[in-house]
$ cat protein11.txt   # compact mmCIF, C-alpha atoms
# COMPACT_ATOMS: atom_id res chain seq x y z
CA MET Y 8 0.87 23.28 12.74
CA LYS Y 9 -0.38 21.16 15.63
CA ASN Y 10 2.06 19.30 17.84
CA ASP Y 11 -0.42 17.88 20.34
CA ILE Y 12 -2.20 15.41 18.05
CA ASN Y 13 -4.10 12.66 19.89
CA LEU Y 14 -3.92 9.48 17.83
CA GLU Y 15 -6.22 7.70 20.29
CA ASP Y 16 -9.22 9.98 19.82
CA LEU Y 17 -11.61 7.11 19.03
CA GLU Y 18 -14.68 9.28 18.54
CA THR Y 19 -12.89 10.93 15.63
CA ALA Y 20 -11.32 7.68 14.45
CA TYR Y 21 -14.64 5.87 14.00
CA SER Y 22 -16.88 8.83 13.19
CA TYR Y 23 -17.39 7.50 9.65
CA LYS Y 24 -18.77 4.14 10.88
CA SER Y 25 -22.34 3.49 11.95
CA ASN Y 26 -23.00 1.47 15.12
CA LYS Y 27 -23.78 -1.56 12.99
CA GLU Y 28 -20.57 -1.22 10.97
CA LEU Y 29 -18.53 -0.73 14.12
CA LYS Y 30 -19.87 -3.91 15.73
CA PHE Y 31 -19.39 -5.91 12.55
CA THR Y 32 -15.77 -4.73 12.20
CA HIS Y 33 -15.17 -5.68 15.84
CA PHE Y 34 -16.57 -9.15 15.09
CA ILE Y 35 -14.23 -9.65 12.08
CA PHE Y 36 -11.13 -8.52 13.98
CA SER Y 37 -12.07 -10.78 16.90
CA ILE Y 38 -11.96 -13.69 14.45
CA LEU Y 39 -8.58 -12.54 13.10
CA GLN Y 40 -7.18 -12.74 16.64
CA ASN Y 41 -7.41 -16.53 16.47
CA GLN Y 42 -4.47 -17.69 14.33
CA ARG Y 43 -5.74 -21.27 14.10
CA LEU Y 44 -9.10 -20.08 12.85
CA VAL Y 45 -7.40 -17.72 10.38
CA LYS Y 46 -5.35 -20.63 8.98
CA LEU Y 47 -8.53 -22.68 8.61
CA LEU Y 48 -10.30 -19.82 6.84
CA ILE Y 49 -7.32 -19.30 4.53
CA ALA Y 50 -7.32 -23.01 3.65
CA CYS Y 51 -11.04 -22.80 2.85
CA THR Y 52 -10.50 -19.64 0.82
CA ASN Y 53 -7.70 -21.27 -1.17
CA GLY Y 54 -10.08 -24.11 -1.89
CA ILE Y 55 -12.69 -21.66 -3.14
CA LEU Y 56 -10.09 -20.16 -5.48
CA LYS Y 57 -8.73 -23.50 -6.71
CA TYR Y 58 -11.96 -25.44 -7.11
CA ASN Y 59 -14.35 -22.54 -7.78
CA LEU Y 60 -16.48 -23.44 -4.76
CA PRO Y 61 -19.70 -21.43 -4.35
CA PHE Y 62 -18.82 -19.45 -1.22
CA LYS Y 63 -18.36 -16.05 -2.85
CA PHE Y 64 -21.31 -14.60 -0.91
CA LEU Y 65 -19.78 -15.58 2.46
CA ILE Y 66 -16.46 -13.90 1.63
CA LYS Y 67 -18.19 -10.83 0.23
CA LYS Y 68 -20.19 -10.35 3.43
CA THR Y 69 -17.22 -10.82 5.79
CA VAL Y 70 -13.53 -9.96 5.17
CA PHE Y 71 -14.20 -8.46 1.73
CA ASN Y 72 -16.70 -6.07 3.28
CA VAL Y 73 -14.15 -4.91 5.86
CA PHE Y 74 -11.01 -4.60 3.69
CA CYS Y 75 -12.36 -3.79 0.20
CA ALA Y 76 -14.41 -0.93 -1.27
CA GLY Y 77 -16.70 -3.03 -3.46
CA GLU Y 78 -16.75 -5.09 -6.61
CA ASP Y 79 -17.06 -2.33 -9.22
CA ILE Y 80 -15.66 1.13 -9.89
CA ASN Y 81 -18.91 2.91 -9.05
CA LYS Y 82 -18.93 1.48 -5.53
CA ALA Y 83 -15.26 2.34 -5.15
CA PHE Y 84 -15.86 5.95 -6.20
CA SER Y 85 -18.79 6.18 -3.83
CA LYS Y 86 -16.40 5.19 -1.04
CA ILE Y 87 -13.80 7.71 -2.25
CA ASN Y 88 -16.37 10.50 -2.16
CA TYR Y 89 -17.56 9.42 1.29
CA LEU Y 90 -14.02 9.42 2.71
CA GLU Y 91 -13.46 12.87 1.16
CA THR Y 92 -16.19 14.26 3.45
CA TYR Y 93 -13.81 13.41 6.32
CA LYS Y 94 -10.83 14.99 4.47
CA VAL Y 95 -9.39 11.51 3.89
CA LYS Y 96 -7.86 10.70 0.50
CA SER Y 97 -7.92 7.28 -1.19
CA VAL Y 98 -5.32 5.14 -2.95
CA LEU Y 99 -7.46 3.33 -5.51
CA ASP Y 100 -6.29 -0.17 -6.36
CA TYR Y 101 -7.96 -2.48 -8.86
CA VAL Y 102 -7.31 -5.87 -7.26
CA SER Y 103 -7.10 -8.64 -9.84
CA GLU Y 104 -4.49 -11.32 -9.21
CA ALA Y 105 -6.08 -14.58 -10.36
CA GLU Y 106 -4.95 -14.86 -14.00
CA ASN Y 107 -1.84 -14.73 -16.19
CA SER Y 108 -2.26 -13.98 -19.89
CA ASP Y 109 -1.54 -11.15 -22.32
CA GLU Y 110 -5.26 -10.48 -22.61
CA PHE Y 111 -5.54 -10.25 -18.82
CA PHE Y 112 -2.55 -7.89 -18.54
CA GLU Y 113 -3.80 -5.65 -21.34
CA ASN Y 114 -7.24 -5.49 -19.74
CA ASN Y 115 -5.75 -4.59 -16.36
CA THR Y 116 -3.80 -1.79 -18.02
CA LYS Y 117 -6.94 -0.40 -19.68
CA ILE Y 118 -8.83 -0.48 -16.37
CA ILE Y 119 -6.01 1.30 -14.48
CA VAL Y 120 -5.72 3.96 -17.20
CA ALA Y 121 -9.50 4.51 -17.18
CA ASN Y 122 -9.44 4.81 -13.37
CA ILE Y 123 -6.67 7.41 -13.51
CA ILE Y 124 -8.61 9.51 -16.03
CA LYS Y 125 -11.78 9.22 -13.93
CA LEU Y 126 -9.91 10.17 -10.74
CA GLY Y 127 -8.33 13.17 -12.41
CA LYS Y 128 -11.71 14.45 -13.60
CA GLU Y 129 -14.01 13.54 -10.70
CA CYS Y 130 -11.82 13.16 -7.59
CA PRO Y 131 -8.60 15.16 -7.98
CA GLY Y 132 -6.09 14.76 -5.19
CA ASN Y 133 -6.58 11.01 -4.83
CA TYR Y 134 -4.12 8.33 -5.93
CA VAL Y 135 -3.78 4.97 -7.66
CA SER Y 136 -1.73 1.93 -6.72
CA VAL Y 137 -0.22 -0.40 -9.33
CA LYS Y 138 1.17 -3.92 -8.93
CA ILE Y 139 3.59 -4.80 -11.73
CA THR Y 140 2.59 -8.45 -11.25
CA GLY Y 141 -0.86 -7.38 -12.42
CA LEU Y 142 0.76 -6.37 -15.72
CA GLU Y 143 3.06 -9.37 -16.29
CA ASP Y 144 3.60 -12.94 -15.06
CA PRO Y 145 5.64 -13.07 -11.80
CA LYS Y 146 7.65 -16.03 -13.18
CA PHE Y 147 8.74 -13.98 -16.16
CA LEU Y 148 9.53 -11.00 -13.94
CA THR Y 149 11.66 -13.16 -11.64
CA TYR Y 150 13.50 -14.59 -14.65
CA ARG Y 151 13.99 -11.14 -16.15
CA ASN Y 152 15.20 -9.74 -12.82
CA ALA Y 153 17.99 -12.33 -12.73
CA MET Y 154 18.85 -11.78 -16.39
CA ASP Y 155 19.00 -8.00 -16.03
CA LEU Y 156 21.58 -8.30 -13.27
CA GLU Y 157 23.85 -10.05 -15.73
CA ASN Y 158 23.01 -8.30 -19.00
CA GLU Y 159 21.24 -5.01 -19.54
CA SER Y 160 21.14 -5.28 -23.33
CA ILE Y 161 18.71 -8.20 -23.61
CA ILE Y 162 16.24 -7.81 -26.47
CA SER Y 163 12.78 -8.93 -25.46
CA PRO Y 164 9.54 -7.91 -27.18
CA ARG Y 165 7.62 -9.29 -24.21
CA PHE Y 166 9.51 -7.08 -21.78
CA ASP Y 167 9.06 -4.12 -24.11
CA ARG Y 168 5.30 -4.64 -23.97
CA LEU Y 169 5.44 -4.50 -20.17
CA ILE Y 170 7.36 -1.20 -20.31
CA GLU Y 171 4.76 0.15 -22.76
CA ARG Y 172 1.98 -0.75 -20.30
CA ILE Y 173 3.73 0.91 -17.37
CA ASN Y 174 4.66 3.95 -19.43
CA LEU Y 175 1.06 4.37 -20.60
CA ILE Y 176 -0.11 4.30 -16.97
CA CYS Y 177 2.50 6.83 -15.85
CA LYS Y 178 2.00 9.09 -18.87
CA THR Y 179 -1.77 9.13 -18.27
CA ALA Y 180 -1.17 9.88 -14.57
CA TYR Y 181 1.13 12.77 -15.49
CA SER Y 182 -1.51 14.25 -17.82
CA ALA Y 183 -4.34 13.72 -15.31
CA LYS Y 184 -2.22 14.96 -12.36
CA VAL Y 185 -2.85 11.74 -10.44
CA ILE Y 186 -0.05 10.24 -8.33
CA VAL Y 187 0.85 6.58 -8.96
CA PHE Y 188 2.29 4.33 -6.24
CA ILE Y 189 4.19 1.37 -7.73
CA ASP Y 190 3.92 -1.50 -5.25
CA ALA Y 191 6.88 -3.44 -3.88
CA GLU Y 192 6.56 -7.21 -4.03
CA ASP Y 193 8.83 -10.26 -3.63
CA ARG Y 194 12.56 -9.51 -3.24
CA CYS Y 195 13.37 -11.74 -6.22
CA MET Y 196 11.71 -9.15 -8.51
CA GLN Y 197 12.49 -5.93 -6.66
CA ASP Y 198 15.71 -4.91 -8.43
CA LEU Y 199 13.83 -4.99 -11.73
CA PHE Y 200 10.92 -3.03 -10.24
CA ASP Y 201 13.36 -0.45 -8.88
CA LYS Y 202 14.96 0.00 -12.29
CA ILE Y 203 11.63 0.33 -14.09
CA THR Y 204 10.22 2.77 -11.52
CA GLU Y 205 13.37 4.89 -11.53
CA SER Y 206 13.11 5.23 -15.33
CA MET Y 207 9.50 6.40 -14.98
CA MET Y 208 10.38 8.84 -12.20
CA GLN Y 209 13.17 10.30 -14.31
CA LYS Y 210 10.69 10.79 -17.16
CA TYR Y 211 7.68 12.18 -15.29
CA ASN Y 212 8.84 13.52 -11.88
CA LYS Y 213 10.15 16.91 -12.98
CA GLU Y 214 7.89 19.43 -11.21
CA TYR Y 215 6.72 17.07 -8.46
CA ALA Y 216 6.60 13.31 -7.88
CA VAL Y 217 3.96 11.68 -10.09
CA VAL Y 218 5.47 8.20 -9.75
CA PHE Y 219 6.40 6.72 -6.34
CA ASN Y 220 8.57 3.69 -5.66
CA THR Y 221 7.67 1.58 -2.61
CA LEU Y 222 10.46 0.59 -0.22
CA GLN Y 223 9.86 -2.34 2.14
CA MET Y 224 12.02 -1.36 5.09
CA TYR Y 225 12.23 -4.88 6.53
CA LEU Y 226 14.76 -5.51 3.73
CA LYS Y 227 18.33 -5.08 4.91
CA ASP Y 228 19.44 -3.24 1.77
CA ARG Y 229 16.75 -0.55 1.60
CA LEU Y 230 18.46 2.22 3.60
CA LYS Y 231 21.48 2.03 1.32
CA TYR Y 232 19.18 1.97 -1.71
CA LEU Y 233 17.24 4.99 -0.40
CA ASN Y 234 20.38 7.11 -0.02
CA THR Y 235 21.64 6.04 -3.44
CA LEU Y 236 18.27 6.81 -5.05
CA ILE Y 237 18.19 10.34 -3.60
CA GLU Y 238 21.73 11.02 -4.80
CA GLU Y 239 21.02 9.59 -8.26
CA ALA Y 240 17.81 11.60 -8.61
CA GLY Y 241 19.72 14.75 -7.77
CA ARG Y 242 22.26 14.05 -10.50
CA LYS Y 243 19.56 13.26 -13.06
CA ASN Y 244 17.38 16.20 -12.01
CA TYR Y 245 14.14 14.55 -10.96
CA ILE Y 246 12.14 14.35 -7.73
CA PRO Y 247 12.00 10.83 -6.29
CA GLY Y 248 8.65 9.76 -4.92
CA ILE Y 249 9.26 7.41 -2.00
CA LYS Y 250 6.58 5.39 -0.25
CA LEU Y 251 7.81 3.73 2.94
CA VAL Y 252 6.27 0.50 4.26
CA ARG Y 253 7.53 -2.09 6.68
CA GLY Y 254 6.76 -5.03 4.37
CA ALA Y 255 4.14 -7.70 3.83
CA TYR Y 256 6.03 -10.86 2.87
CA VAL Y 257 8.33 -11.45 5.82
CA GLU Y 258 7.60 -15.16 6.44
CA LYS Y 259 7.59 -15.89 2.72
CA GLU Y 260 11.00 -14.23 2.26
CA ARG Y 261 12.53 -16.09 5.21
CA GLU Y 262 11.19 -19.45 4.06
CA LYS Y 263 12.42 -18.91 0.50
CA ALA Y 264 15.90 -17.99 1.74
CA ARG Y 265 15.94 -21.04 4.02
CA LYS Y 266 15.01 -23.42 1.19
CA GLU Y 267 17.66 -21.90 -1.09
CA GLY Y 268 20.33 -21.94 1.62
CA LYS Y 269 20.74 -18.17 1.45
CA THR Y 270 20.89 -15.43 4.06
CA SER Y 271 17.44 -13.96 4.66
CA PRO Y 272 17.04 -10.55 2.98
CA VAL Y 273 14.79 -9.35 5.82
CA PHE Y 274 15.78 -8.30 9.32
CA ASP Y 275 15.64 -10.93 12.06
CA THR Y 276 13.74 -8.80 14.58
CA LYS Y 277 10.86 -6.36 14.59
CA LYS Y 278 13.04 -3.77 16.35
CA GLU Y 279 15.53 -3.81 13.48
CA THR Y 280 12.67 -3.27 11.02
CA ASP Y 281 11.22 -0.46 13.16
CA ASP Y 282 14.64 1.22 13.36
CA SER Y 283 15.11 0.89 9.59
CA PHE Y 284 11.67 2.37 8.91
CA ASN Y 285 12.16 5.30 11.28
CA GLN Y 286 15.62 6.03 9.86
CA ALA Y 287 14.09 6.10 6.38
CA VAL Y 288 11.41 8.53 7.59
CA GLU Y 289 14.14 10.78 9.01
CA ILE Y 290 16.11 10.69 5.74
CA CYS Y 291 13.10 11.44 3.53
CA LEU Y 292 11.82 14.30 5.67
CA ARG Y 293 15.26 15.78 6.21
CA GLU Y 294 15.59 15.84 2.42
CA PHE Y 295 12.03 17.13 1.86
CA LYS Y 296 13.21 19.74 -0.65
CA LYS Y 297 14.50 16.89 -2.84
CA VAL Y 298 11.97 14.14 -2.01
CA ASP Y 299 8.20 13.65 -1.97
CA SER Y 300 7.22 11.07 0.64
CA CYS Y 301 4.43 8.74 1.65
CA ILE Y 302 4.63 7.30 5.16
CA ALA Y 303 2.50 4.15 4.94
CA THR Y 304 2.36 2.75 8.46
CA HIS Y 305 -0.03 1.41 11.10
CA ASN Y 306 2.47 2.18 13.84
CA ASN Y 307 1.69 5.03 16.26
CA ASP Y 308 5.33 5.63 17.18
CA SER Y 309 6.44 5.88 13.56
CA THR Y 310 3.57 8.25 12.82
CA LEU Y 311 4.53 10.50 15.74
CA HIS Y 312 8.17 10.29 14.64
CA ALA Y 313 7.15 11.55 11.18
CA ILE Y 314 5.16 14.41 12.70
CA ASN Y 315 8.14 15.33 14.89
CA CYS Y 316 10.35 15.35 11.77
CA ILE Y 317 7.86 17.62 9.98
CA ASN Y 318 8.22 20.06 12.87
CA LYS Y 319 11.96 19.52 13.28
CA TYR Y 320 12.69 20.32 9.62
CA ASN Y 321 10.02 23.05 9.43
CA ILE Y 322 8.13 21.48 6.51
CA THR Y 323 5.47 24.17 6.24
CA ASN Y 324 4.18 22.73 2.94
CA HIS Y 325 3.91 19.21 4.41
CA TYR Y 326 0.44 18.59 2.94
CA SER Y 327 1.95 18.45 -0.56
CA LYS Y 328 5.30 16.92 0.45
CA VAL Y 329 4.46 14.30 3.10
CA ARG Y 330 1.56 11.87 2.84
CA PHE Y 331 0.36 9.31 5.36
CA SER Y 332 -1.52 6.16 4.41
CA GLN Y 333 -3.14 3.13 6.03
CA LEU Y 334 -5.01 0.12 4.71
CA TYR Y 335 -8.77 0.43 4.39
CA GLY Y 336 -10.30 -1.32 7.39
CA MET Y 337 -7.30 -0.78 9.66
CA SER Y 338 -5.76 1.89 11.90
CA ASP Y 339 -8.61 4.37 11.64
CA ASN Y 340 -7.16 6.01 14.76
CA LEU Y 341 -4.26 7.18 12.60
CA THR Y 342 -6.00 8.06 9.35
CA PHE Y 343 -8.86 10.14 10.70
CA ASN Y 344 -6.97 11.85 13.51
CA LEU Y 345 -4.24 12.82 11.04
CA SER Y 346 -6.77 14.25 8.58
CA VAL Y 347 -8.67 16.26 11.21
CA ASN Y 348 -5.36 17.76 12.35
CA GLY Y 349 -4.44 18.99 8.86
CA TYR Y 350 -2.19 16.20 7.60
CA ASN Y 351 -2.51 14.55 4.20
CA SER Y 352 -3.83 11.09 5.07
CA SER Y 353 -5.34 8.37 2.90
CA LYS Y 354 -6.77 4.89 2.85
CA TYR Y 355 -5.44 2.19 0.53
CA LEU Y 356 -8.71 1.30 -1.17
CA PRO Y 357 -8.80 -2.00 -3.09
CA TYR Y 358 -11.80 -2.96 -5.19
CA GLY Y 359 -12.65 -5.72 -7.69
CA GLU Y 360 -14.48 -8.98 -8.11
CA VAL Y 361 -14.53 -11.07 -4.94
CA LYS Y 362 -12.87 -14.08 -6.59
CA LYS Y 363 -10.02 -12.00 -8.00
CA ALA Y 364 -9.55 -10.21 -4.67
CA ILE Y 365 -9.05 -13.46 -2.73
CA PRO Y 366 -5.20 -13.44 -2.95
CA TYR Y 367 -5.22 -9.90 -1.53
CA LEU Y 368 -7.59 -10.90 1.27
CA ILE Y 369 -5.44 -13.91 2.13
CA ARG Y 370 -2.38 -11.64 2.48
CA ARG Y 371 -4.31 -9.24 4.67
CA SER Y 372 -5.52 -12.07 6.94
CA GLU Y 373 -2.05 -13.64 7.19
CA GLU Y 374 -0.34 -10.30 7.76
CA ASN Y 375 -2.86 -9.14 10.34
CA SER Y 376 -2.75 -12.34 12.35
CA SER Y 377 1.06 -12.37 12.39
CA ILE Y 378 1.64 -8.78 13.55
CA ASP Y 379 2.34 -8.73 17.28
CA GLY Y 380 -0.28 -6.74 19.12
CA GLN Y 381 -1.81 -5.07 16.05
CA ILE Y 382 -5.04 -7.07 15.98
CA ILE Y 383 -5.37 -6.91 19.77
CA ASP Y 384 -5.04 -3.12 19.60
CA GLU Y 385 -7.69 -2.94 16.87
CA VAL Y 386 -10.10 -5.07 18.90
CA VAL Y 387 -9.52 -3.00 22.06
CA ARG Y 388 -10.10 0.30 20.23
CA LEU Y 389 -13.27 -0.94 18.55
CA LYS Y 390 -14.61 -2.28 21.85
CA LYS Y 391 -13.88 1.01 23.62
CA GLU Y 392 -15.75 3.00 20.99
CA ILE Y 393 -18.71 0.61 21.08
CA GLU Y 394 -18.86 1.01 24.87
CA ARG Y 395 -18.55 4.80 24.60
CA ARG Y 396 -21.46 4.97 22.16
CA ASN Y 397 -23.57 2.63 24.30
CA LYS Y 398 -23.29 5.12 27.19
CA LEU Y 399 -24.67 8.00 25.13
$ encode --input "protein11.txt" --output "structure tokens"
Amino acid sequence: MKNDINLEDLETAYSYKSNKELKFTHFIFSILQNQRLVKLLIACTNGILKYNLPFKFLIKKTVFNVFCAGEDINKAFSKINYLETYKVKSVLDYVSEAENSDEFFENNTKIIVANIIKLGKECPGNYVSVKITGLEDPKFLTYRNAMDLENESIISPRFDRLIERINLICKTAYSAKVIVFIDAEDRCMQDLFDKITESMMQKYNKEYAVVFNTLQMYLKDRLKYLNTLIEEAGRKNYIPGIKLVRGAYVEKEREKARKEGKTSPVFDTKKETDDSFNQAVEICLREFKKVDSCIATHNNDSTLHAINCINKYNITNHYSKVRFSQLYGMSDNLTFNLSVNGYNSSKYLPYGEVKKAIPYLIRRSEENSSIDGQIIDEVVRLKKEIERRNKL
């Protein structure tokens, strides 16, 4: 096991990109550096979504091209196979967030199930990501979350249909031996998501973790929840799958709490979030015999901390116990340097129609432009690699 990994080996990091792709990515990230321009682009994109304006081609050729794998499953699988040549796994995500109807939710379920079966047959070892808000209306989920806190015996055929959809996905994943990451979303729905995901883990995570719950570590209650989950899983004899992220809705959560006159559920400072994330990494890897983990981060220090924990706790089977993941289009310095050094690393790989992917792209643009230093670092790395190649 290597201890001297260089996460800033840019030749390795961008080896999968052509010169043209590298320069284009640099151009897009240079735009994302300008927060005013990002806000203007988001406003325009919202207009495209609301009024069905004919600018799909522009989006497809810019941010969609950088952060998404394509509009259809064949293009997505082509990208999966290409990344595999660099020993990089993929977390396939069908991005479709623009509608709310039973027909829409049932269709999403069928697509996810078909993708799992296809992955299991053609690309074993890769993963899928599932958003519960792609299977049911967020308003209903928020309502049900509040109701469940008060009464666990509510009879609801609509809720039962949601559980059937999720169970079908998890059951198919278990049969196909494909791991499923259940996404975390707004805090107002998270208790419900936790409960649902725990029930699926208890059902399917017997030999290894098939189903993973996602913990947003900017939430003040997640460390306590993590410890409780591990203890509960031990009592109920299943292996918890835990995916750690910092969180993607920080401003939204703070604003919602402010409007409702409540204490913000997220930490006030980045340092507190970083400390929470790194403590969670330590807990998961210390308990590696009980837990399967996914460390989903763009942070170099947290990545090195995880590697140090792998060494500290002598996790010789870390490839099957500890996974690393980054968003497609970001932090290639982590993903590709991890993979070349023998770690299990992956790209979160969204695909789908451009119009339906717009909410995802808006989140990416907002998140990227609000992270201190992240975009600057991306631009600097891309520029360095362009300059290196120009000297050859």
$ closest_residue --input "protein11.txt" --among "Y:Ala313, Y:Val98, Y:Leu236, Y:Ile66" --to "Pro131 of chain Y" --atoms "all atoms listed in the file"
Y:Val98
$ closest_atom_pairs --input "protein11.txt" --of "segment 286-350 of chain Y" --to "segment 11-33 of chain Y" --cutoff "8 Å" --atoms "only C-alpha atoms" --output "CSV"
residue,atom,partner,partner_atom,distance
Y:Asn307,CA,Y:Leu14,CA,7.3
Y:Asp339,CA,Y:Ala20,CA,5.1
Y:Asn340,CA,Y:Ala20,CA,4.5
Y:Leu341,CA,Y:Leu14,CA,5.7
Y:Thr342,CA,Y:Ala20,CA,7.4
Y:Phe343,CA,Y:Ala20,CA,5.1
Y:Asn344,CA,Y:Leu14,CA,5.8
Y:Leu345,CA,Y:Leu14,CA,7.6
Y:Asn348,CA,Y:Ile12,CA,6.9
$ write_last_selection --input "protein11.txt" --atoms "C-alpha atoms" --output "PDB file, in the frame of the given file"
ATOM      1  CA  ASN Y 307       1.690   5.030  16.260  1.00  0.00           C
ATOM      2  CA  ASP Y 339      -8.610   4.370  11.640  1.00  0.00           C
ATOM      3  CA  ASN Y 340      -7.160   6.010  14.760  1.00  0.00           C
ATOM      4  CA  LEU Y 341      -4.260   7.180  12.600  1.00  0.00           C
ATOM      5  CA  THR Y 342      -6.000   8.060   9.350  1.00  0.00           C
ATOM      6  CA  PHE Y 343      -8.860  10.140  10.700  1.00  0.00           C
ATOM      7  CA  ASN Y 344      -6.970  11.850  13.510  1.00  0.00           C
ATOM      8  CA  LEU Y 345      -4.240  12.820  11.040  1.00  0.00           C
ATOM      9  CA  ASN Y 348      -5.360  17.760  12.350  1.00  0.00           C
TER      10      ASN Y 348
END
$ atom_distance --input "protein11.txt" --atom1 "atom CA of Asn285 of chain Y" --atom2 "atom CA of Val298 of chain Y"
16.0 Å
$ atom_distance --input "protein11.txt" --atom1 "atom CA of Ala183 of chain Y" --atom2 "atom CA of Arg165 of chain Y"
27.4 Å
$ atom_distance --input "protein11.txt" --atom1 "atom CA of Val135 of chain Y" --atom2 "atom CA of Tyr326 of chain Y"
17.8 Å
$ closest_residue --input "protein11.txt" --among "Y:Lys138, Y:Lys278, Y:Lys82, Y:Lys202" --to "Thr116 of chain Y" --atoms "only C-alpha atoms"
Y:Lys138
$ residues_around --input "protein11.txt" --residues "Val257 of chain Y" --least-positions-apart "6" --cutoff "10 Å" --atoms "all atoms listed in the file" --output "MDAnalysis selection string"
chainID Y and resid 193 223 225:226 271:275 374 377
